[in-house]
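The structure appears below as structure tokens.
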Amino acid sequence: PGRCGTSVQLSPCGRWLAVTDSLGRVMQVDSTDLLVLRLWKGYRSAQCAWLMATEKEAEDQKRHAVFLLIYAPRRGIVEIWPSEGGARLAAFSVGKHCCLVYNSSGLLGSPHVTTGLSVPFQCALLHLDE
């Protein structure tokens with residue numbers, strides 16, 4: 001049995017994919033040319049989500065940063081990684097019985113059709129009963 005993809009999550013900006021596979025890997029993939037940009041090993045049953053943060057410097061200027069969240073249920077942690085590369089920003093102990101819920105789409109399933117609408121959350125971590 002070879003590698004088989006188990007989930008794919010599109011980043012809010014549409015630039016990256018987070019792909020998990022049956023061999024316990026998480027990959028950050030460029031959505032344009034499908035090149036693997038980063039690879040994490042040892043993440044069996046991982047769940048991924050993207051988080052976009054917006055900083056407002058002036059009234060008309062906004063800077064955006066996109067982060068990859070990886071929930072590793074066997075370790076009971078959530079990790080936060082910068083999408084542009086670099087070291088892990090944070091890791092939180094959350095328990096082994098959780099579910100990472102990710103809202104990757106807006107109106108009608110498109111992340112880009114949200115004009116005038118407010119999406120209540122990008123992602124959430126639910127603690128499940130053991």
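Residues in the structure tokens are named by chain (A, B, ... in the order shown) and by number from 1 within that chain; ligands are numbered from 1 in the order shown.
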(request) Excluding region 6-11 of chain A and residues on its chain fewer than 6 positions from it, collect all residues at most 12 Å away from it, counting only C-alpha atoms, and give them as a ChimeraX atom specification. (result) /A:17-32,44-52,65-70,83,100-105,109-112,122-123
Keeping N, CA and C atoms, export the residues of the selection given above as a short mmCIF file (atom, residue, chain, number, x, y, z; two decimals), in the first residue's frame.
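Generated output (result-v3.cif):
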```cif
data_model
loop_
_atom_site.label_atom_id
_atom_site.label_comp_id
_atom_site.auth_asym_id
_atom_site.auth_seq_id
_atom_site.Cartn_x
_atom_site.Cartn_y
_atom_site.Cartn_z
N LEU A 17 -2.29 24.55 -0.30
CA LEU A 17 -3.11 23.43 0.13
C LEU A 17 -2.40 22.77 1.30
N ALA A 18 -3.17 22.32 2.27
CA ALA A 18 -2.64 21.47 3.33
C ALA A 18 -3.18 20.08 3.03
N VAL A 19 -2.29 19.12 2.81
CA VAL A 19 -2.67 17.77 2.43
C VAL A 19 -2.16 16.80 3.49
N THR A 20 -3.04 15.93 3.98
CA THR A 20 -2.61 14.86 4.88
C THR A 20 -2.66 13.55 4.10
N ASP A 21 -1.82 12.60 4.50
CA ASP A 21 -1.81 11.31 3.80
C ASP A 21 -1.86 10.14 4.76
N SER A 22 -1.98 8.96 4.21
CA SER A 22 -2.13 7.73 4.99
C SER A 22 -0.84 7.30 5.68
N LEU A 23 0.27 7.93 5.36
CA LEU A 23 1.55 7.59 5.98
C LEU A 23 1.92 8.55 7.11
N GLY A 24 0.96 9.36 7.55
CA GLY A 24 1.21 10.25 8.68
C GLY A 24 1.97 11.50 8.33
N ARG A 25 1.83 11.96 7.12
CA ARG A 25 2.51 13.17 6.69
C ARG A 25 1.53 14.31 6.47
N VAL A 26 2.02 15.52 6.68
CA VAL A 26 1.28 16.74 6.34
C VAL A 26 2.14 17.49 5.35
N MET A 27 1.54 17.90 4.24
CA MET A 27 2.28 18.62 3.20
C MET A 27 1.64 19.98 2.95
N GLN A 28 2.47 20.99 2.79
CA GLN A 28 2.02 22.29 2.31
C GLN A 28 2.36 22.33 0.83
N VAL A 29 1.34 22.49 0.01
CA VAL A 29 1.49 22.39 -1.44
C VAL A 29 1.10 23.72 -2.08
N ASP A 30 1.88 24.16 -3.05
CA ASP A 30 1.54 25.33 -3.84
C ASP A 30 0.37 24.96 -4.73
N SER A 31 -0.73 25.70 -4.65
CA SER A 31 -1.94 25.32 -5.39
C SER A 31 -1.84 25.59 -6.89
N THR A 32 -0.89 26.42 -7.32
CA THR A 32 -0.76 26.73 -8.74
C THR A 32 -0.04 25.63 -9.50
N ARG A 44 0.27 11.16 12.28
CA ARG A 44 -0.83 10.23 11.98
C ARG A 44 -2.16 10.82 12.43
N SER A 45 -3.14 10.70 11.57
CA SER A 45 -4.51 11.18 11.83
C SER A 45 -4.58 12.69 12.04
N ALA A 46 -3.62 13.44 11.50
CA ALA A 46 -3.60 14.89 11.67
C ALA A 46 -4.81 15.55 11.00
N GLN A 47 -5.21 16.67 11.58
CA GLN A 47 -6.26 17.51 11.02
C GLN A 47 -5.67 18.90 10.83
N CYS A 48 -5.98 19.52 9.69
CA CYS A 48 -5.37 20.82 9.36
C CYS A 48 -6.43 21.89 9.14
N ALA A 49 -6.03 23.11 9.38
CA ALA A 49 -6.86 24.28 9.11
C ALA A 49 -5.94 25.45 8.83
N TRP A 50 -6.47 26.46 8.17
CA TRP A 50 -5.73 27.69 7.88
C TRP A 50 -6.35 28.82 8.68
N LEU A 51 -5.53 29.76 9.05
CA LEU A 51 -6.00 30.92 9.78
C LEU A 51 -5.38 32.16 9.15
N MET A 52 -6.22 33.13 8.80
CA MET A 52 -5.72 34.38 8.23
C MET A 52 -5.90 35.48 9.26
N ALA A 65 -1.51 37.85 7.12
CA ALA A 65 -0.61 36.73 7.38
C ALA A 65 -1.47 35.47 7.44
N VAL A 66 -0.96 34.40 6.85
CA VAL A 66 -1.69 33.14 6.83
C VAL A 66 -0.87 32.11 7.61
N PHE A 67 -1.56 31.36 8.45
CA PHE A 67 -0.92 30.36 9.30
C PHE A 67 -1.58 29.00 9.09
N LEU A 68 -0.77 27.96 9.16
CA LEU A 68 -1.27 26.59 9.09
C LEU A 68 -1.38 26.05 10.51
N LEU A 69 -2.55 25.55 10.84
CA LEU A 69 -2.78 24.90 12.13
C LEU A 69 -2.81 23.40 11.91
N ILE A 70 -2.07 22.66 12.70
CA ILE A 70 -2.05 21.21 12.62
C ILE A 70 -2.43 20.65 13.98
N SER A 83 2.83 30.29 7.05
CA SER A 83 2.68 29.74 5.69
C SER A 83 3.86 30.08 4.79
N LEU A 100 -10.76 19.30 14.90
CA LEU A 100 -10.49 20.62 14.35
C LEU A 100 -11.51 20.88 13.24
N VAL A 101 -12.32 21.91 13.42
CA VAL A 101 -13.37 22.26 12.45
C VAL A 101 -12.90 23.49 11.69
N TYR A 102 -12.91 23.40 10.36
CA TYR A 102 -12.38 24.47 9.52
C TYR A 102 -13.44 24.93 8.54
N ASN A 103 -13.69 26.23 8.52
CA ASN A 103 -14.64 26.83 7.58
C ASN A 103 -13.84 27.39 6.42
N SER A 104 -13.69 26.59 5.36
CA SER A 104 -12.84 26.99 4.24
C SER A 104 -13.59 27.70 3.13
N SER A 105 -14.90 27.84 3.26
CA SER A 105 -15.65 28.44 2.16
C SER A 105 -16.60 29.51 2.65
N GLY A 109 -20.06 27.95 -1.29
CA GLY A 109 -18.88 27.11 -1.37
C GLY A 109 -17.63 27.79 -1.89
N SER A 110 -17.69 29.07 -2.18
CA SER A 110 -16.52 29.77 -2.70
C SER A 110 -15.93 30.68 -1.63
N PRO A 111 -14.60 30.62 -1.42
CA PRO A 111 -14.00 31.51 -0.43
C PRO A 111 -13.98 32.96 -0.87
N HIS A 112 -14.31 33.23 -2.12
CA HIS A 112 -14.20 34.58 -2.66
C HIS A 112 -15.55 35.26 -2.87
N GLN A 122 -13.14 31.08 11.39
CA GLN A 122 -12.34 30.38 10.40
C GLN A 122 -12.12 28.94 10.83
N CYS A 123 -11.84 28.75 12.11
CA CYS A 123 -11.67 27.38 12.61
C CYS A 123 -11.97 27.35 14.10
#
```
(request) Please run DSSP on the backbone and report, as a ChimeraX atom specification, all residues within chain A that come out as strand (DSSP E). (result) /A:5-10,16-21,26-30,36-40,47-56,62-72,77-82,90-93,98-102,123-127
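Computed from the coordinates, the CA of Gly95 (chain A) to CA of Arg75 (chain A) distance equals 7.8 Å.
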(request) For CA of Asp129 (chain A) and CA of Tyr43 (chain A), quote the distance in Å rounded to one decimal. (result)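 Here the two named atoms are 21.9 Å from each other.
When the distance limit is 7 Å and only C-alpha atoms are what count, the residues near Arg63 (chain A), minus those fewer than 5 positions from it on the same chain, are Thr54, Glu55 and Lys56 of chain A.
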(request) Record the distance separating CA of Gly42 (chain A) and CA of Gly76 (chain A), expressed in Å with one decimal. (result)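 Taking CA of Gly42 (chain A) and CA of Gly76 (chain A), their separation equals 13.1 Å.
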(request) Would you kindly return, as a list in words, each protein, DNA or RNA residue with an atom no farther than 7 Å from any atom of Ile77 (chain A), considering only C-alpha atoms and excluding same-chain residues fewer than 3 positions away? (result)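 Result of the neighbour search: Tyr71, Ala72, Pro73, Ala91, Phe92, Ser93, Val94 and Gly95 of chain A.
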(message) Residues near Ala87 (chain A), anyone? I mean within 12 Å using only C-alpha atoms, not counting same-chain ones fewer than 5 positions away, as a VMD selection string.
(response) chain A and resid 38 40 67 to 68 79 to 82
Could you write out that same residue set with all heavy atoms as an mmCIF file, in the first residue's frame?
```cif
data_model
loop_
_atom_site.group_PDB
_atom_site.id
_atom_site.type_symbol
_atom_site.label_atom_id
_atom_site.label_comp_id
_atom_site.auth_asym_id
_atom_site.auth_seq_id
_atom_site.Cartn_x
_atom_site.Cartn_y
_atom_site.Cartn_z
ATOM 1 N N ARG A 38 6.548 22.232 1.855
ATOM 2 C CA ARG A 38 6.988 21.778 3.173
ATOM 3 C C ARG A 38 6.386 20.415 3.439
ATOM 4 O O ARG A 38 5.306 20.097 2.946
ATOM 5 C CB ARG A 38 6.520 22.745 4.259
ATOM 6 C CG ARG A 38 7.110 24.124 4.104
ATOM 7 C CD ARG A 38 6.545 25.065 5.116
ATOM 8 N NE ARG A 38 7.309 24.951 6.357
ATOM 9 C CZ ARG A 38 7.153 25.769 7.381
ATOM 10 N NH1 ARG A 38 6.277 26.725 7.347
ATOM 11 N NH2 ARG A 38 7.876 25.619 8.469
ATOM 12 N N TRP A 40 5.886 17.616 6.789
ATOM 13 C CA TRP A 40 6.035 17.234 8.183
ATOM 14 C C TRP A 40 5.736 15.742 8.277
ATOM 15 O O TRP A 40 4.747 15.264 7.725
ATOM 16 C CB TRP A 40 5.046 17.984 9.068
ATOM 17 C CG TRP A 40 5.269 19.453 9.161
ATOM 18 C CD1 TRP A 40 6.010 20.127 10.087
ATOM 19 C CD2 TRP A 40 4.719 20.467 8.299
ATOM 20 N NE1 TRP A 40 5.955 21.481 9.856
ATOM 21 C CE2 TRP A 40 5.172 21.708 8.766
ATOM 22 C CE3 TRP A 40 3.884 20.443 7.180
ATOM 23 C CZ2 TRP A 40 4.818 22.913 8.166
ATOM 24 C CZ3 TRP A 40 3.536 21.624 6.574
ATOM 25 C CH2 TRP A 40 4.007 22.854 7.061
ATOM 26 N N PHE A 67 -1.565 31.360 8.449
ATOM 27 C CA PHE A 67 -0.922 30.364 9.301
ATOM 28 C C PHE A 67 -1.575 29.000 9.092
ATOM 29 O O PHE A 67 -2.787 28.918 8.888
ATOM 30 C CB PHE A 67 -1.035 30.755 10.773
ATOM 31 C CG PHE A 67 -0.477 32.112 11.065
ATOM 32 C CD1 PHE A 67 -1.291 33.224 11.099
ATOM 33 C CD2 PHE A 67 0.879 32.280 11.280
ATOM 34 C CE1 PHE A 67 -0.777 34.477 11.351
ATOM 35 C CE2 PHE A 67 1.410 33.530 11.531
ATOM 36 C CZ PHE A 67 0.580 34.631 11.572
ATOM 37 N N LEU A 68 -0.766 27.962 9.161
ATOM 38 C CA LEU A 68 -1.271 26.595 9.088
ATOM 39 C C LEU A 68 -1.378 26.048 10.505
ATOM 40 O O LEU A 68 -0.415 26.093 11.269
ATOM 41 C CB LEU A 68 -0.326 25.716 8.258
ATOM 42 C CG LEU A 68 -0.681 24.235 8.189
ATOM 43 C CD1 LEU A 68 -2.050 24.022 7.545
ATOM 44 C CD2 LEU A 68 0.382 23.474 7.412
ATOM 45 N N GLU A 79 -0.422 22.778 16.641
ATOM 46 C CA GLU A 79 0.765 23.563 16.284
ATOM 47 C C GLU A 79 0.365 24.654 15.302
ATOM 48 O O GLU A 79 -0.521 24.450 14.480
ATOM 49 C CB GLU A 79 1.819 22.672 15.636
ATOM 50 C CG GLU A 79 2.316 21.576 16.528
ATOM 51 C CD GLU A 79 3.339 20.673 15.867
ATOM 52 O OE1 GLU A 79 3.400 20.624 14.614
ATOM 53 O OE2 GLU A 79 4.074 20.015 16.596
ATOM 54 N N ILE A 80 1.049 25.783 15.385
ATOM 55 C CA ILE A 80 0.817 26.895 14.461
ATOM 56 C C ILE A 80 2.108 27.156 13.709
ATOM 57 O O ILE A 80 3.167 27.376 14.307
ATOM 58 C CB ILE A 80 0.365 28.165 15.202
ATOM 59 C CG1 ILE A 80 -0.915 27.868 15.990
ATOM 60 C CG2 ILE A 80 0.153 29.313 14.215
ATOM 61 C CD1 ILE A 80 -1.386 29.013 16.842
ATOM 62 N N TRP A 81 2.017 27.106 12.367
ATOM 63 C CA TRP A 81 3.173 27.293 11.482
ATOM 64 C C TRP A 81 2.912 28.457 10.533
ATOM 65 O O TRP A 81 1.810 28.595 9.998
ATOM 66 C CB TRP A 81 3.388 26.026 10.653
ATOM 67 C CG TRP A 81 3.790 24.840 11.452
ATOM 68 C CD1 TRP A 81 2.962 23.961 12.108
ATOM 69 C CD2 TRP A 81 5.123 24.397 11.703
ATOM 70 N NE1 TRP A 81 3.707 23.005 12.738
ATOM 71 C CE2 TRP A 81 5.029 23.242 12.506
ATOM 72 C CE3 TRP A 81 6.377 24.860 11.320
ATOM 73 C CZ2 TRP A 81 6.149 22.546 12.941
ATOM 74 C CZ3 TRP A 81 7.495 24.164 11.746
ATOM 75 C CH2 TRP A 81 7.376 23.024 12.544
ATOM 76 N N PRO A 82 3.927 29.295 10.274
ATOM 77 C CA PRO A 82 3.759 30.368 9.286
ATOM 78 C C PRO A 82 3.723 29.778 7.875
ATOM 79 O O PRO A 82 4.489 28.873 7.547
ATOM 80 C CB PRO A 82 4.998 31.243 9.488
ATOM 81 C CG PRO A 82 6.018 30.330 10.089
ATOM 82 C CD PRO A 82 5.266 29.302 10.878
#
```
